[in-house]
$ cat protein32.cif   # mmCIF, C-alpha atoms and all ligand atoms
data_model
#
loop_
_atom_site.label_atom_id
_atom_site.label_comp_id
_atom_site.auth_asym_id
_atom_site.auth_seq_id
_atom_site.Cartn_x
_atom_site.Cartn_y
_atom_site.Cartn_z
CA MET A 172 -101.04 -114.15 8.93
CA ASP A 173 -100.10 -112.72 5.53
CA LYS A 174 -101.64 -114.74 2.72
CA ASN A 175 -98.14 -115.02 1.19
CA ASP A 176 -97.20 -117.22 4.14
CA CYS A 177 -100.42 -119.22 4.03
CA ILE A 178 -100.01 -123.01 3.73
CA PHE A 179 -103.38 -123.45 2.06
CA CYS A 180 -102.70 -120.70 -0.52
CA LYS A 181 -99.50 -122.61 -1.35
CA ILE A 182 -101.51 -125.80 -1.74
CA VAL A 183 -103.89 -123.95 -4.09
CA THR A 184 -100.97 -122.88 -6.31
CA GLY A 185 -99.26 -126.27 -6.08
CA GLU A 186 -96.22 -124.89 -4.27
CA ILE A 187 -96.95 -127.34 -1.42
CA PRO A 188 -98.19 -130.78 -2.50
CA ALA A 189 -101.52 -132.18 -1.31
CA LYS A 190 -103.81 -135.04 -2.21
CA VAL A 191 -106.52 -133.22 -4.15
CA VAL A 192 -109.90 -134.94 -3.94
CA GLU A 193 -111.68 -132.56 -6.30
CA ARG A 194 -111.51 -129.04 -7.59
CA GLY A 195 -113.89 -126.64 -9.31
CA ASP A 196 -116.06 -123.58 -8.90
CA GLY A 197 -113.37 -121.72 -6.94
CA VAL A 198 -113.18 -124.48 -4.35
CA ILE A 199 -110.59 -127.20 -3.72
CA ALA A 200 -110.94 -130.32 -1.56
CA ILE A 201 -107.83 -132.00 -0.14
CA GLU A 202 -107.11 -134.86 2.22
CA ASP A 203 -106.12 -133.68 5.70
CA VAL A 204 -102.46 -134.48 6.39
CA ASN A 205 -103.33 -135.57 9.96
CA PRO A 206 -106.69 -137.35 9.65
CA GLN A 207 -108.96 -137.53 12.70
CA ALA A 208 -111.37 -140.01 11.11
CA PRO A 209 -111.20 -142.59 8.29
CA VAL A 210 -112.47 -139.81 6.01
CA HIS A 211 -111.03 -136.36 6.75
CA ILE A 212 -111.18 -133.91 3.89
CA LEU A 213 -110.71 -130.15 3.94
CA VAL A 214 -112.76 -128.00 1.59
CA LEU A 215 -111.43 -124.49 1.03
CA PRO A 216 -111.93 -121.52 -1.24
CA GLU A 217 -109.07 -120.97 -3.70
CA LYS A 218 -109.15 -117.29 -2.76
CA HIS A 219 -107.57 -116.46 0.61
CA VAL A 220 -109.92 -115.48 3.41
CA ALA A 221 -108.83 -115.93 7.03
CA ASN A 222 -111.97 -117.58 8.39
CA ILE A 223 -115.76 -117.57 8.26
CA ALA A 224 -115.94 -114.47 10.47
CA ALA A 225 -113.69 -112.50 8.08
CA HIS A 226 -115.72 -113.90 5.24
CA THR A 227 -118.94 -112.33 6.44
CA ALA A 228 -117.24 -108.94 6.01
CA SER A 229 -115.64 -109.53 2.59
CA GLY A 230 -117.32 -112.47 0.86
CA THR A 231 -120.75 -113.24 -0.51
CA SER A 232 -123.44 -115.70 0.45
CA ASP A 233 -122.81 -117.45 -2.87
CA ASP A 234 -119.21 -118.13 -1.84
CA VAL A 235 -120.38 -119.72 1.41
CA ALA A 236 -123.02 -121.76 -0.40
CA ARG A 237 -120.44 -123.08 -2.89
CA LEU A 238 -118.11 -124.08 -0.08
CA MET A 239 -120.77 -125.77 2.05
CA ARG A 240 -122.37 -127.52 -0.92
CA ALA A 241 -119.01 -128.91 -2.02
CA ALA A 242 -118.38 -130.15 1.52
CA ALA A 243 -121.86 -131.67 1.82
CA LYS A 244 -121.50 -133.45 -1.54
CA ILE A 245 -118.37 -135.17 -0.25
CA GLY A 246 -120.05 -136.03 3.05
CA GLU A 247 -123.15 -137.41 1.37
CA LYS A 248 -121.11 -140.23 -0.15
CA HIS A 249 -120.94 -141.74 3.34
CA ALA A 250 -124.24 -143.38 4.14
CA GLY A 251 -123.55 -143.60 7.87
CA GLY A 252 -123.46 -139.82 8.15
CA PHE A 253 -120.81 -137.18 8.39
CA ARG A 254 -119.85 -133.98 10.17
CA LEU A 255 -118.88 -130.57 8.80
CA VAL A 256 -116.71 -128.45 11.09
CA VAL A 257 -115.54 -124.86 10.68
CA ASN A 258 -113.09 -124.04 13.46
CA THR A 259 -112.82 -120.28 13.87
CA GLY A 260 -110.28 -118.30 15.88
CA ALA A 261 -108.12 -119.43 18.79
CA ASP A 262 -110.95 -120.65 21.05
CA GLY A 263 -112.57 -122.35 18.07
CA GLY A 264 -109.43 -124.42 17.55
CA GLN A 265 -108.42 -122.88 14.23
CA THR A 266 -104.75 -123.53 13.43
CA VAL A 267 -104.60 -122.58 9.74
CA ASP A 268 -105.86 -119.08 8.99
CA HIS A 269 -107.42 -119.83 5.60
CA LEU A 270 -111.13 -120.64 5.71
CA HIS A 271 -111.79 -124.38 5.44
CA VAL A 272 -114.56 -126.85 6.17
CA HIS A 273 -113.57 -130.21 7.67
CA VAL A 274 -115.54 -133.16 6.32
CA LEU A 275 -115.33 -136.02 8.82
CA ALA A 276 -116.85 -139.45 8.23
CA GLY A 277 -116.24 -143.17 8.43
CA ARG A 278 -116.68 -143.63 12.18
CA HIS A 279 -119.12 -142.62 14.90
CA LEU A 280 -118.28 -139.08 16.02
CA SER A 281 -119.00 -138.28 19.63
CA TRP A 282 -120.65 -135.10 20.90
CA PRO A 283 -119.92 -132.64 22.44
CA PRO A 284 -116.46 -131.99 20.98
CA GLY A 285 -113.60 -131.30 23.39
P1 LIG A 301 -107.94 -126.16 11.84
O1 LIG A 301 -107.23 -126.61 13.08
O2 LIG A 301 -107.39 -124.80 11.38
O3 LIG A 301 -109.41 -126.22 11.88
O4 LIG A 301 -107.55 -127.23 10.72
C1 LIG A 301 -106.35 -127.21 10.02
C2 LIG A 301 -106.17 -128.58 9.44
O5 LIG A 301 -105.19 -128.52 8.42
C3 LIG A 301 -105.68 -129.63 10.45
O6 LIG A 301 -106.62 -130.69 10.52
C4 LIG A 301 -104.34 -130.08 9.90
O7 LIG A 301 -104.11 -131.45 10.06
C5 LIG A 301 -104.42 -129.68 8.43
N1 LIG A 301 -103.17 -129.34 7.83
C6 LIG A 301 -102.19 -128.54 8.34
N2 LIG A 301 -101.17 -128.42 7.48
C7 LIG A 301 -101.51 -129.15 6.39
C8 LIG A 301 -100.84 -129.42 5.14
O8 LIG A 301 -99.73 -128.95 4.87
N3 LIG A 301 -101.50 -130.21 4.26
C9 LIG A 301 -102.74 -130.75 4.53
N4 LIG A 301 -103.29 -131.51 3.58
N5 LIG A 301 -103.39 -130.51 5.69
C10 LIG A 301 -102.78 -129.73 6.60
ZN ZN A 302 -104.56 -118.66 2.23
#
$ encode --input "protein32.cif" --output "structure tokens"
Amino acid sequence: MDKNDCIFCKIVTGEIPAKVVERGDGVIAIEDVNPQAPVHILVLPEKHVANIAAHTASGTSDDVARLMRAAAKIGEKHAGGFRLVVNTGADGGQTVDHLHVHVLAGRHLSWPPG
């Protein structure tokens, strides 16, 4: 997918509205439009990168650390625990081709995932 057609790039620029939880350090956190848990937040880099696999070719470890730390900081607010998920590619269940970390919390999450 061309980044010009990317939903999450449009959320970054404000072209498509989203509930922004926090923003800074090149990272934005938004509420998922179709939540799968009481807390379901997506943390994404403002700069377009298709997924974590593409990122290993073009990005830096610092970028990954910023993204994961931002996600973990949101998760840590939930004392019962939380889950970070990075779906990648078709078999990984990725539906939006802009790297994002799901932060899920607020209920018991079963394992293994489907
Ligand atoms: P994936 O399946 O790629 O791991 O996750 C994509 C996520 O983006 C899904 O959980 C889906 O609900 C969410 N999503 C898709 N379109 C939009 C949108 O326009 N706004 C927001 N806030 N979330 C979206
Ligand atoms: Zn994008």
$ residues_near_ligand --input "protein32.cif" --ligand "ligand ZN 302 (chain A)" --cutoff "10 Å" --atoms "all atoms listed in the file" --output "PyMOL selection string"
chain A and resi 172-183+215-222+267-271
$ residues_near_point --input "protein32.cif" --point "(-120.7, -128.9, -8.5)" --cutoff "9 Å" --atoms "only C-alpha atoms" --output "list in words"
Gly195, Asp196, Arg237, Arg240, Ala241 and Lys244 of chain A
$ closest_atom_pairs --input "protein32.cif" --of "chain A" --to "ligand LIG 301 (chain A)" --cutoff "9 Å" --atoms "all atoms listed in the file" --output "tab-separated table"
residue	atom	partner	partner_atom	distance
A:Ile178	CA	A:LIG301	O8	6.1
A:Phe179	CA	A:LIG301	O8	7.2
A:Lys181	CA	A:LIG301	O8	8.9
A:Ile182	CA	A:LIG301	N3	7.4
A:Ile187	CA	A:LIG301	O8	7.1
A:Pro188	CA	A:LIG301	N3	7.5
A:Ala189	CA	A:LIG301	N4	5.2
A:Lys190	CA	A:LIG301	N4	6.8
A:Val191	CA	A:LIG301	N4	8.6
A:Ile201	CA	A:LIG301	N4	5.9
A:Glu202	CA	A:LIG301	N4	5.3
A:Asp203	CA	A:LIG301	N4	4.1
A:Val204	CA	A:LIG301	N5	4.1
A:Asn205	CA	A:LIG301	O7	4.2
A:Pro206	CA	A:LIG301	O7	6.5
A:Gln207	CA	A:LIG301	O6	7.6
A:His211	CA	A:LIG301	O6	8.1
A:Ile212	CA	A:LIG301	N4	8.3
A:Leu213	CA	A:LIG301	O5	7.3
A:Val256	CA	A:LIG301	O3	7.7
A:Val257	CA	A:LIG301	O3	6.4
A:Asn258	CA	A:LIG301	O3	4.6
A:Thr259	CA	A:LIG301	O3	7.1
A:Gly260	CA	A:LIG301	O2	8.4
A:Gly263	CA	A:LIG301	O3	8.0
A:Gly264	CA	A:LIG301	O1	5.4
A:Gln265	CA	A:LIG301	O2	3.6
A:Thr266	CA	A:LIG301	O2	3.6
A:Val267	CA	A:LIG301	O2	3.9
A:Asp268	CA	A:LIG301	O2	6.4
A:His269	CA	A:LIG301	O2	7.6
A:Leu270	CA	A:LIG301	O2	8.0
A:His271	CA	A:LIG301	O3	7.1
A:Val272	CA	A:LIG301	O3	7.7
A:His273	CA	A:LIG301	O3	7.1
$ atom_distance --input "protein32.cif" --atom1 "CA of Ala200 in chain A" --atom2 "CA of Ala261 in chain A"
23.3 Å
$ residues_around --input "protein32.cif" --residues "His249 in chain A" --least-positions-apart "4" --cutoff "8 Å" --atoms "all atoms listed in the file" --output "PyMOL selection string"
chain A and resi 245+253+276-277
$ closest_residue --input "protein32.cif" --among "A:Val235, A:Ile223, A:Ala228, A:Val274" --to "Lys248 in chain A" --atoms "all atoms listed in the file"
A:Val274
$ atom_distance --input "protein32.cif" --atom1 "CA of Gly230 in chain A" --atom2 "CA of Gly197 in chain A"
12.7 Å
$ closest_residue --input "protein32.cif" --among "A:Ala242, A:Glu186, A:Asp234, A:Ile199" --to "Leu255 in chain A" --atoms "all atoms listed in the file"
A:Ala242
$ atom_distance --input "protein32.cif" --atom1 "CA of Met239 in chain A" --atom2 "CA of Arg254 in chain A"
11.6 Å
$ closest_residue --input "protein32.cif" --among "A:Leu238, A:Gly185, A:Thr227, A:Gly251" --to "Val198 in chain A" --atoms "all atoms listed in the file"
A:Leu238
$ closest_residue --input "protein32.cif" --among "A:Ala236, A:Ala208, A:Pro284, A:Arg278" --to "Ala250 in chain A" --atoms "all atoms listed in the file"
A:Arg278
$ axis_aligned_box --input "protein32.cif" --around "range 248-255 of chain A" --padding-each-side "3 Å" --output "AutoDock Vina command-line options"
--center_x -121.6 --center_y -137.1 --center_z 5.0 --size_x 11.4 --size_y 19.0 --size_z 16.3
